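So this block is target27.txt, compact mmCIF, C-alpha atoms:
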# COMPACT_ATOMS: atom_id res chain seq x y z
CA MET A 1 -3.26 -1.11 -41.43
CA PRO A 2 -2.22 -2.62 -38.08
CA THR A 3 -0.39 -5.94 -38.26
CA ARG A 4 -0.88 -8.89 -35.96
CA ARG A 5 1.84 -9.15 -33.32
CA SER A 6 2.63 -11.61 -30.53
CA ALA A 7 1.47 -11.01 -26.96
CA THR A 8 5.09 -10.51 -25.85
CA ALA A 9 5.75 -7.91 -28.52
CA LEU A 10 2.55 -6.13 -27.66
CA ALA A 11 3.46 -5.94 -23.98
CA MET A 12 6.92 -4.56 -24.80
CA SER A 13 5.42 -1.99 -27.13
CA ALA A 14 2.88 -0.90 -24.50
CA LEU A 15 5.71 -0.29 -22.04
CA ALA A 16 7.76 1.60 -24.60
CA SER A 17 5.17 4.19 -25.51
CA ALA A 18 2.29 6.03 -23.88
CA SER A 19 -0.28 5.08 -26.49
CA VAL A 20 -0.43 1.97 -28.61
CA VAL A 21 -3.05 0.67 -31.03
CA LEU A 22 -3.17 -3.10 -31.05
CA ALA A 23 -5.38 -6.10 -31.62
CA ALA A 24 -7.62 -6.68 -28.62
CA PRO A 25 -7.28 -9.99 -26.77
CA SER A 26 -10.72 -11.17 -27.82
CA ALA A 27 -12.41 -13.03 -30.62
CA SER A 28 -13.89 -9.80 -31.99
CA ALA A 29 -10.42 -8.59 -33.06
CA ASP A 30 -11.40 -4.98 -32.32
CA LEU A 31 -8.65 -2.41 -31.99
CA VAL A 32 -7.63 -0.99 -28.62
CA THR A 33 -5.87 2.30 -27.89
CA TYR A 34 -3.69 2.38 -24.79
CA CYS A 35 -3.75 5.72 -22.98
CA VAL A 36 -1.14 6.98 -20.51
CA GLY A 37 -0.91 10.75 -20.18
CA ASN A 38 -3.03 13.55 -21.66
CA GLY A 39 -5.29 13.41 -24.70
CA GLY A 40 -7.17 16.17 -26.50
CA ALA A 41 -10.03 16.72 -28.93
CA VAL A 42 -9.58 13.72 -31.21
CA THR A 43 -11.88 10.86 -32.23
CA LEU A 44 -10.62 7.35 -31.54
CA PRO A 45 -12.25 4.72 -33.80
CA THR A 46 -11.23 2.05 -31.27
CA ASP A 47 -11.73 0.81 -27.75
CA LEU A 48 -9.67 2.52 -25.03
CA PHE A 49 -7.62 0.91 -22.28
CA VAL A 50 -5.85 2.58 -19.33
CA PRO A 51 -3.10 0.17 -18.21
CA ASP A 52 -2.77 -1.03 -14.64
CA GLY A 53 -1.67 1.70 -12.24
CA LYS A 54 -1.51 4.39 -14.96
CA SER A 55 -3.43 7.64 -15.44
CA CYS A 56 -5.16 8.96 -18.55
CA SER A 57 -6.67 12.47 -18.69
CA LEU A 58 -8.86 13.30 -21.70
CA LYS A 59 -10.35 16.65 -22.68
CA GLY A 60 -12.84 16.80 -25.55
CA THR A 61 -11.96 13.27 -26.68
CA THR A 62 -14.44 10.94 -28.43
CA VAL A 63 -14.06 7.17 -28.03
CA THR A 64 -16.27 5.24 -30.44
CA GLY A 65 -15.78 1.90 -28.70
CA ASN A 66 -15.71 0.59 -25.13
CA VAL A 67 -13.42 1.70 -22.32
CA GLN A 68 -11.55 -0.38 -19.75
CA VAL A 69 -9.76 1.10 -16.74
CA GLY A 70 -7.21 -1.36 -15.38
CA PRO A 71 -6.53 -2.23 -11.73
CA GLY A 72 -5.27 0.82 -9.85
CA ALA A 73 -5.62 2.99 -12.95
CA ASN A 74 -7.33 6.37 -13.34
CA LEU A 75 -9.40 7.78 -16.19
CA VAL A 76 -10.37 11.46 -16.06
CA VAL A 77 -12.64 12.76 -18.83
CA ASP A 78 -13.79 16.35 -19.31
CA GLY A 79 -16.11 17.28 -22.16
CA GLY A 80 -15.75 13.89 -23.79
CA THR A 81 -17.95 11.28 -25.47
CA ILE A 82 -17.80 7.51 -25.05
CA ASN A 83 -20.05 5.62 -27.43
CA GLY A 84 -19.64 2.28 -25.71
CA GLN A 85 -19.48 0.92 -22.17
CA VAL A 86 -17.03 1.68 -19.38
CA GLN A 87 -15.59 -1.04 -17.13
CA VAL A 88 -13.49 -0.04 -14.11
CA ALA A 89 -11.36 -2.72 -12.43
CA GLY A 90 -10.44 -3.16 -8.77
CA ASP A 91 -8.93 0.00 -7.25
CA GLY A 92 -9.68 1.78 -10.54
CA TYR A 93 -11.14 5.30 -10.69
CA PHE A 94 -13.38 6.96 -13.30
CA ASP A 95 -13.98 10.72 -13.07
CA ALA A 96 -16.27 12.28 -15.70
CA SER A 97 -17.25 15.94 -16.08
CA ASN A 98 -19.47 17.38 -18.84
CA THR A 99 -19.25 14.02 -20.57
CA ARG A 100 -21.62 11.61 -22.33
CA VAL A 101 -21.35 7.83 -21.97
CA ASP A 102 -23.81 6.05 -24.24
CA GLY A 103 -23.39 2.64 -22.63
CA GLY A 104 -23.45 1.35 -19.09
CA VAL A 105 -20.72 1.87 -16.50
CA THR A 106 -19.55 -0.89 -14.15
CA LEU A 107 -17.28 -0.59 -11.11
CA ALA A 108 -15.78 -3.97 -10.26
CA SER A 109 -15.43 -5.41 -6.77
CA GLY A 110 -12.97 -3.29 -4.82
CA GLY A 111 -13.05 -0.48 -7.37
CA PHE A 112 -11.99 2.86 -5.95
CA GLY A 113 -14.92 4.86 -7.27
CA ILE A 114 -16.96 6.70 -9.88
CA TYR A 115 -17.53 10.45 -9.78
CA TYR A 116 -19.94 12.17 -12.20
CA LYS A 117 -20.27 15.92 -12.57
CA ALA A 118 -22.72 17.19 -15.23
CA THR A 119 -22.42 13.86 -17.04
CA HIS A 120 -24.92 11.73 -18.97
CA SER A 121 -24.63 7.94 -19.03
CA GLY A 122 -26.44 4.63 -19.18
CA THR A 123 -27.00 2.23 -16.28
CA ILE A 124 -24.46 2.32 -13.44
CA THR A 125 -23.47 -0.82 -11.54
CA VAL A 126 -21.25 -1.01 -8.44
CA GLN A 127 -20.40 -4.62 -7.71
CA ALA A 128 -20.26 -6.10 -4.23
CA LYS A 129 -17.02 -5.63 -2.30
CA GLY A 130 -16.51 -9.34 -1.76
CA GLU A 131 -13.04 -10.04 -0.38
CA ALA A 132 -11.58 -6.76 -1.66
CA THR A 133 -10.11 -4.31 0.84
CA THR A 134 -11.12 -1.10 -0.98
CA ASP A 135 -14.41 0.58 -0.07
CA SER A 136 -15.99 1.99 -3.22
CA PHE A 137 -18.04 5.10 -3.83
CA LEU A 138 -20.50 6.39 -6.41
CA PHE A 139 -21.03 10.16 -6.45
CA VAL A 140 -23.42 11.50 -9.09
CA ASP A 141 -23.81 15.29 -9.12
CA ASN A 142 -25.97 17.29 -11.53
CA SER A 143 -26.02 14.34 -13.94
CA THR A 144 -28.43 12.11 -15.85
CA VAL A 145 -28.57 8.31 -15.79
CA ASP A 146 -30.60 6.79 -18.63
CA GLY A 147 -31.30 3.52 -16.89
CA SER A 148 -30.94 2.20 -13.37
CA VAL A 149 -28.42 2.50 -10.56
CA GLN A 150 -27.44 -0.75 -8.81
CA ALA A 151 -24.89 -0.52 -6.00
CA ASN A 152 -23.81 -3.30 -3.67
CA ALA A 153 -20.97 -1.55 -1.89
CA GLY A 154 -19.63 1.76 -0.66
CA GLU A 155 -20.95 5.29 -0.39
CA VAL A 156 -23.76 6.17 -2.81
CA ARG A 157 -24.83 9.76 -3.36
CA LEU A 158 -27.20 11.27 -5.93
CA ASP A 159 -27.12 15.05 -5.57
CA LYS A 160 -27.51 18.50 -7.14
CA GLY A 161 -30.32 17.87 -9.59
CA THR A 162 -29.35 14.38 -10.73
CA GLN A 163 -32.01 12.48 -12.71
CA VAL A 164 -32.33 8.69 -12.94
CA SER A 165 -34.82 7.34 -15.49
CA GLY A 166 -34.95 3.85 -13.95
CA ASN A 167 -34.73 2.30 -10.50
CA VAL A 168 -32.17 2.91 -7.76
CA ASN A 169 -31.30 -0.24 -5.78
CA THR A 170 -28.61 -0.56 -3.13
CA ASN A 171 -27.79 -3.50 -0.87
CA ASN A 172 -24.98 -3.68 1.68
CA ALA A 173 -23.75 -0.21 0.75
CA TYR A 174 -22.25 2.11 3.35
CA TYR A 175 -25.03 4.64 2.81
CA THR A 176 -27.45 5.78 0.11
CA ASP A 177 -28.38 9.47 -0.06
CA VAL A 178 -30.70 11.09 -2.60
CA THR A 179 -30.61 14.88 -2.29
CA ASP A 180 -32.29 17.40 -4.61
CA SER A 181 -32.56 14.68 -7.24
CA PHE A 182 -35.22 12.83 -9.26
CA VAL A 183 -35.75 9.05 -9.51
CA ASP A 184 -38.38 8.06 -12.06
CA GLY A 185 -38.53 4.45 -10.88
CA THR A 186 -38.42 2.72 -7.50
CA LEU A 187 -35.95 3.28 -4.68
CA SER A 188 -34.75 0.29 -2.64
CA VAL A 189 -32.21 0.76 0.15
CA LEU A 190 -31.39 -2.48 1.95
CA ASN A 191 -28.90 -3.28 4.71
CA ASN A 192 -26.89 -0.06 4.46
CA ALA A 193 -24.32 0.33 7.24
CA THR A 194 -25.13 3.98 7.98
CA GLY A 195 -28.61 4.23 6.53
CA SER A 196 -30.14 6.63 4.05
CA VAL A 197 -31.14 10.27 3.62
CA VAL A 198 -33.70 11.52 1.08
CA CYS A 199 -34.10 15.31 1.12
CA GLY A 200 -35.46 17.73 -1.45
CA GLY A 201 -35.90 15.01 -4.05
CA THR A 202 -38.60 13.07 -5.88
CA VAL A 203 -39.08 9.30 -6.10
CA GLN A 204 -41.89 8.37 -8.47
CA GLY A 205 -42.05 4.65 -7.67
CA LYS A 206 -42.36 2.74 -4.43
CA ALA A 207 -39.62 3.40 -1.86
CA THR A 208 -38.38 0.58 0.38
CA PHE A 209 -35.93 0.96 3.26
CA ALA A 210 -35.20 -2.29 5.10
CA GLY A 211 -32.57 -3.60 7.51
CA ASN A 212 -30.57 -0.38 7.64
CA LEU A 213 -28.34 0.60 10.55
CA VAL A 214 -27.90 4.04 12.18
CA GLY A 215 -31.06 5.49 10.65
CA VAL A 216 -33.33 6.48 7.79
CA GLN A 217 -34.06 10.18 7.30
CA LEU A 218 -36.75 11.38 4.90
CA GLY A 219 -36.82 15.17 4.95
CA PRO A 220 -35.13 17.58 7.38
CA ASN A 221 -34.65 17.43 11.14
CA GLY A 222 -33.38 13.86 11.25
CA ALA A 223 -30.42 12.14 12.87
CA LEU A 224 -28.15 11.87 9.85
CA ASP A 225 -28.09 15.15 7.95
CA THR A 226 -28.82 18.86 8.39
CA CYS A 227 -30.68 19.22 5.07
CA ALA A 228 -33.48 21.79 5.02
CA SER A 229 -36.21 20.47 2.70
CA GLY A 230 -38.56 17.53 2.40
CA GLY A 231 -39.32 15.41 -0.63
CA TYR A 232 -42.04 13.75 -2.68
CA PHE A 233 -42.78 10.02 -2.99
CA GLY A 234 -45.21 9.05 -5.72
CA ARG A 235 -46.12 5.63 -4.28
CA ASP A 236 -46.00 3.76 -0.96
CA VAL A 237 -43.05 4.19 1.39
CA SER A 238 -41.95 1.23 3.52
CA ILE A 239 -39.47 1.58 6.39
CA SER A 240 -38.74 -1.63 8.28
CA ASN A 241 -36.22 -3.20 10.64
CA THR A 242 -34.17 -0.05 11.09
CA THR A 243 -31.66 -0.15 13.93
CA GLY A 244 -31.41 3.55 14.77
CA LYS A 245 -33.61 6.58 14.26
CA ALA A 246 -36.08 6.57 11.37
CA SER A 247 -37.80 9.89 10.73
CA LEU A 248 -40.18 11.54 8.27
CA ASP A 249 -40.55 15.32 8.17
CA ASP A 250 -42.01 17.87 5.70
CA THR A 251 -42.53 15.11 3.13
CA ILE A 252 -45.36 14.18 0.75
CA VAL A 253 -46.21 10.49 0.35
CA ASN A 254 -48.72 9.91 -2.43
CA GLY A 255 -49.45 6.47 -1.02
CA GLN A 256 -49.25 4.62 2.26
CA LEU A 257 -46.50 4.92 4.87
CA GLN A 258 -45.70 1.42 6.13
CA LEU A 259 -43.65 1.11 9.34
CA ASN A 260 -42.57 -2.22 10.82
CA GLY A 261 -39.93 -3.46 13.26
CA ASN A 262 -38.02 -0.18 13.62
CA ASN A 263 -36.03 0.21 16.84
CA PRO A 264 -36.85 2.76 18.14
CA ALA A 265 -40.23 3.43 16.56
CA ALA A 266 -40.13 5.81 13.60
CA GLN A 267 -40.73 9.50 14.27
CA VAL A 268 -43.35 11.03 11.98
CA ALA A 269 -43.88 14.81 12.13
CA ALA A 270 -47.32 16.38 11.86
CA ASN A 271 -46.30 18.47 8.84
CA ASN A 272 -46.10 15.47 6.49
CA ARG A 273 -48.80 14.85 3.91
CA ILE A 274 -49.40 11.11 3.76
CA ARG A 275 -52.32 10.52 1.45
CA GLY A 276 -52.67 6.78 2.02
CA GLY A 277 -52.41 6.86 5.81
CA ILE A 278 -49.88 5.33 8.20
CA VAL A 279 -49.64 1.65 9.11
CA GLY A 280 -47.39 0.58 11.99
CA ASP A 281 -45.82 1.96 15.15
CA HIS A 282 -44.66 5.57 15.14
CA THR A 283 -44.17 8.52 17.49
CA ALA A 284 -43.99 12.30 17.32
CA PRO A 285 -40.53 13.82 16.79
CA LEU A 286 -38.39 15.21 19.61
CA ALA A 287 -38.12 18.92 20.31
CA ALA A 288 -35.79 20.90 18.04
CA LYS A 289 -33.04 21.24 20.66
CA SER A 290 -33.03 17.51 21.31
CA ARG A 291 -32.89 16.72 17.59
CA ALA A 292 -29.82 18.90 17.13
CA ALA A 293 -28.07 17.01 19.91
CA THR A 294 -28.72 13.61 18.33
CA ILE A 295 -27.14 14.10 14.88
CA THR A 296 -25.05 11.02 14.17
CA PRO A 297 -21.86 11.84 12.23
CA ARG A 298 -20.87 9.42 9.49
CA ASN A 299 -17.32 8.44 8.77
CA ASP A 300 -17.79 9.37 5.11
CA THR A 301 -14.26 10.23 4.01
CA LYS A 302 -14.60 9.30 0.34
CA GLU A 303 -15.23 12.90 -0.78
CA GLN A 304 -11.78 13.88 0.40
CA GLY A 305 -10.37 10.65 -0.97
CA ALA A 306 -11.89 11.36 -4.39
CA GLU A 307 -10.41 14.85 -4.49
CA ALA A 308 -6.97 13.50 -3.62
CA ARG A 309 -7.22 10.68 -6.17
CA LEU A 310 -8.30 13.12 -8.91
CA ALA A 311 -5.43 15.48 -8.15
CA LYS A 312 -2.93 12.63 -8.26
CA ALA A 313 -4.40 11.29 -11.51
CA VAL A 314 -4.08 14.67 -13.20
CA THR A 315 -0.54 15.11 -11.86
CA ASP A 316 0.52 11.66 -13.06
CA ALA A 317 -1.01 12.26 -16.49
CA ASN A 318 0.84 15.58 -16.78
CA ILE A 319 4.11 13.89 -15.84
CA ALA A 320 3.52 11.22 -18.50
CA GLY A 321 2.88 13.96 -21.05
CA ASP A 322 1.19 13.60 -24.42
CA ALA A 323 -0.63 10.28 -24.79
CA HIS A 324 -0.16 10.45 -28.59
CA LEU A 325 -3.76 9.55 -29.33
CA GLY A 326 -3.82 11.18 -32.75
Would you put the structure from the file into structure tokens?
Amino acid sequence: MPTRRSATALAMSALASASVVLAAPSASADLVTYCVGNGGAVTLPTDLFVPDGKSCSLKGTTVTGNVQVGPGANLVVDGGTINGQVQVAGDGYFDASNTRVDGGVTLASGGFGIYYKATHSGTITVQAKGEATTDSFLFVDNSTVDGSVQANAGEVRLDKGTQVSGNVNTNNAYYTDVTDSFVDGTLSVLNNATGSVVCGGTVQGKATFAGNLVGVQLGPNGALDTCASGGYFGRDVSISNTTGKASLDDTIVNGQLQLNGNNPAAQVAANNRIRGGIVGDHTAPLAAKSRAATITPRNDTKEQGAEARLAKAVTDANIAGDAHLG
């Protein structure tokens, strides 16, 4: 049975070994496993902590408690299970593939990012950047979110068959793109620096796009992306106060399309099916050649940054060696 030790002794022990089980610094007195290095197919009946600036790579590991990723730290999980919540600190990174997280996942202000691939989790929250210098990202590919997605910073992408059972809300993000994905609730994209693209996806609830810069593109042939398919909106769609091109093409709106204060006026193609009619100023789209010439490139470098961060995390974990988890 673990014995109670002083904070100083605990810190020295954490530095001396890659993995330490110790009393958590909370009133609950839960146990915490420190992870630095590689871990395999074991079950940890504790919380998990990745120390500041360190890397932990897990394959087939089950954590029965909560997980904390310290500032500048990296947690890479493949084929794992986390029964609790995941909290990622500033400049922290969480990469999950073929993994299940039963609780919610939170990226703190200035967190580096979250990348899901074929992963199932609860609600995802990306906190506002605040005074942090790091621009965050949330990439969710071929994954399921049982709950809502709330992002107040960075690049936000739902792609490759992702399903969200709740609402998707972003405010002051860099962009919000929903491609070939399903949102069972509402979609709200507010004040994004480079707008939003929705292509080949379904949004069951009301969709609201307001105060976005650069543009809003629903369907193909827009100013932001070269995607090839339209989407389906189960309720009203509102696009307002866009500075930049707003466009709707090859899209079904099972409600009303509401357009207000967009500069220039939104372009609505004749091939849309808008069952509740259109309210507000709009124009016909430009000719195909003109559209191709007006694609606005985004400075979205986080994909490359995520790949580099993942490679470094795996390398650092390999250098650290066995995390001695069990």
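Residues in contact with Gly110 of chain A at up to 6 Å, not including ones fewer than 2 positions away on its chain and judged by only C-alpha atoms, are Gly90, Asp91, Lys129, Ala132 and Thr134 of chain A.
Counting only C-alpha atoms and comparing A:Thr144, A:Asn192, A:Ser55, A:Asn271, the residue that lies closest to Gln163 of chain A is A:Thr144.
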Just the residues within 7 Å of segment 232-245 of chain A, please, counting all atoms listed in the file, with nothing from its chain fewer than 2 positions along; format it as a PyMOL selection string. chain A and resi 201-216+223+247+251-264+266
Output C-alpha atoms for every residue in the selection just made, as a JSON list (two decimals), keeping the file's coordinate frame.
[["chain", "number", "residue", "atom", "x", "y", "z"],
["A", 201, "GLY", "CA", -35.90, 15.01, -4.05],
["A", 202, "THR", "CA", -38.60, 13.07, -5.88],
["A", 203, "VAL", "CA", -39.08, 9.30, -6.10],
["A", 204, "GLN", "CA", -41.89, 8.37, -8.47],
["A", 205, "GLY", "CA", -42.05, 4.65, -7.67],
["A", 206, "LYS", "CA", -42.36, 2.74, -4.43],
["A", 207, "ALA", "CA", -39.62, 3.40, -1.86],
["A", 208, "THR", "CA", -38.38, 0.58, 0.38],
["A", 209, "PHE", "CA", -35.93, 0.96, 3.26],
["A", 210, "ALA", "CA", -35.20, -2.29, 5.10],
["A", 211, "GLY", "CA", -32.57, -3.60, 7.51],
["A", 212, "ASN", "CA", -30.57, -0.38, 7.64],
["A", 213, "LEU", "CA", -28.34, 0.60, 10.55],
["A", 214, "VAL", "CA", -27.90, 4.04, 12.18],
["A", 215, "GLY", "CA", -31.06, 5.49, 10.65],
["A", 216, "VAL", "CA", -33.33, 6.48, 7.79],
["A", 223, "ALA", "CA", -30.42, 12.14, 12.87],
["A", 247, "SER", "CA", -37.80, 9.89, 10.73],
["A", 251, "THR", "CA", -42.53, 15.11, 3.13],
["A", 252, "ILE", "CA", -45.36, 14.18, 0.75],
["A", 253, "VAL", "CA", -46.21, 10.49, 0.35],
["A", 254, "ASN", "CA", -48.72, 9.91, -2.43],
["A", 255, "GLY", "CA", -49.45, 6.47, -1.02],
["A", 256, "GLN", "CA", -49.25, 4.62, 2.26],
["A", 257, "LEU", "CA", -46.50, 4.92, 4.87],
["A", 258, "GLN", "CA", -45.70, 1.42, 6.13],
["A", 259, "LEU", "CA", -43.65, 1.11, 9.34],
["A", 260, "ASN", "CA", -42.57, -2.22, 10.82],
["A", 261, "GLY", "CA", -39.93, -3.46, 13.26],
["A", 262, "ASN", "CA", -38.02, -0.18, 13.62],
["A", 263, "ASN", "CA", -36.03, 0.21, 16.84],
["A", 264, "PRO", "CA", -36.85, 2.76, 18.14],
["A", 266, "ALA", "CA", -40.13, 5.81, 13.60]]
Which residues are close to Pro51 of chain A, i.e. within 10 Å by all atoms listed in the file, leaving aside same-chain residues fewer than 3 positions away? Reply as a list of chain:residue names. A:Ala14, A:Leu15, A:Ala18, A:Tyr34, A:Cys35, A:Val36, A:Leu48, A:Lys54, A:Ser55, A:Cys56, A:Gln68, A:Val69, A:Gly70, A:Pro71, A:Gly72, A:Ala73, A:Asn74
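The gap separating atom CA of Asn299 of chain A from atom CA of Gly130 of chain A is 20.7 Å, in Å to one decimal.
The space separating atom CA of Phe94 of chain A from atom CA of Leu190 of chain A comes to 25.4 Å.
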If we count only C-alpha atoms, what is near Val145 of chain A at a cut-off of 10 Å, once residues fewer than 3 positions away on the same chain are taken out, given as a PyMOL selection string? chain A and resi 101-102+104+119-124+140+148-149+162-166+183
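Using only C-alpha atoms, the smallest distance between any of A:Gly276, A:Ala320, A:Arg100, A:Asp300 and Thr194 of chain A comes from A:Asp300.
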I'd like the interatomic distance between atom CA of Gln304 of chain A and atom CA of Asp225 of chain A, to a tenth of an Å. 18.0 Å
Do a neighbour search on Ala151 of chain A at 7 Å with only C-alpha atoms, toss out local chain neighbours closer than 6 positions, and write the hits as a PyMOL selection string. chain A and resi 125-127+169-171+173
Pick out the closest residue to Gly79 of chain A from this set: A:Ala41, A:Tyr115, A:Asn167, A:Asp52. Count only C-alpha atoms. A:Ala41
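The residue that comes closest to Gly305 of chain A, out of A:Asn272, A:Thr64, A:Thr33, A:Ser136 and on the basis of all atoms listed in the file, is A:Ser136.
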Using only C-alpha atoms: which of A:Gly113, A:Gly80, A:Gly154, A:Gly103 has the shortest distance to Leu310 of chain A: A:Gly113
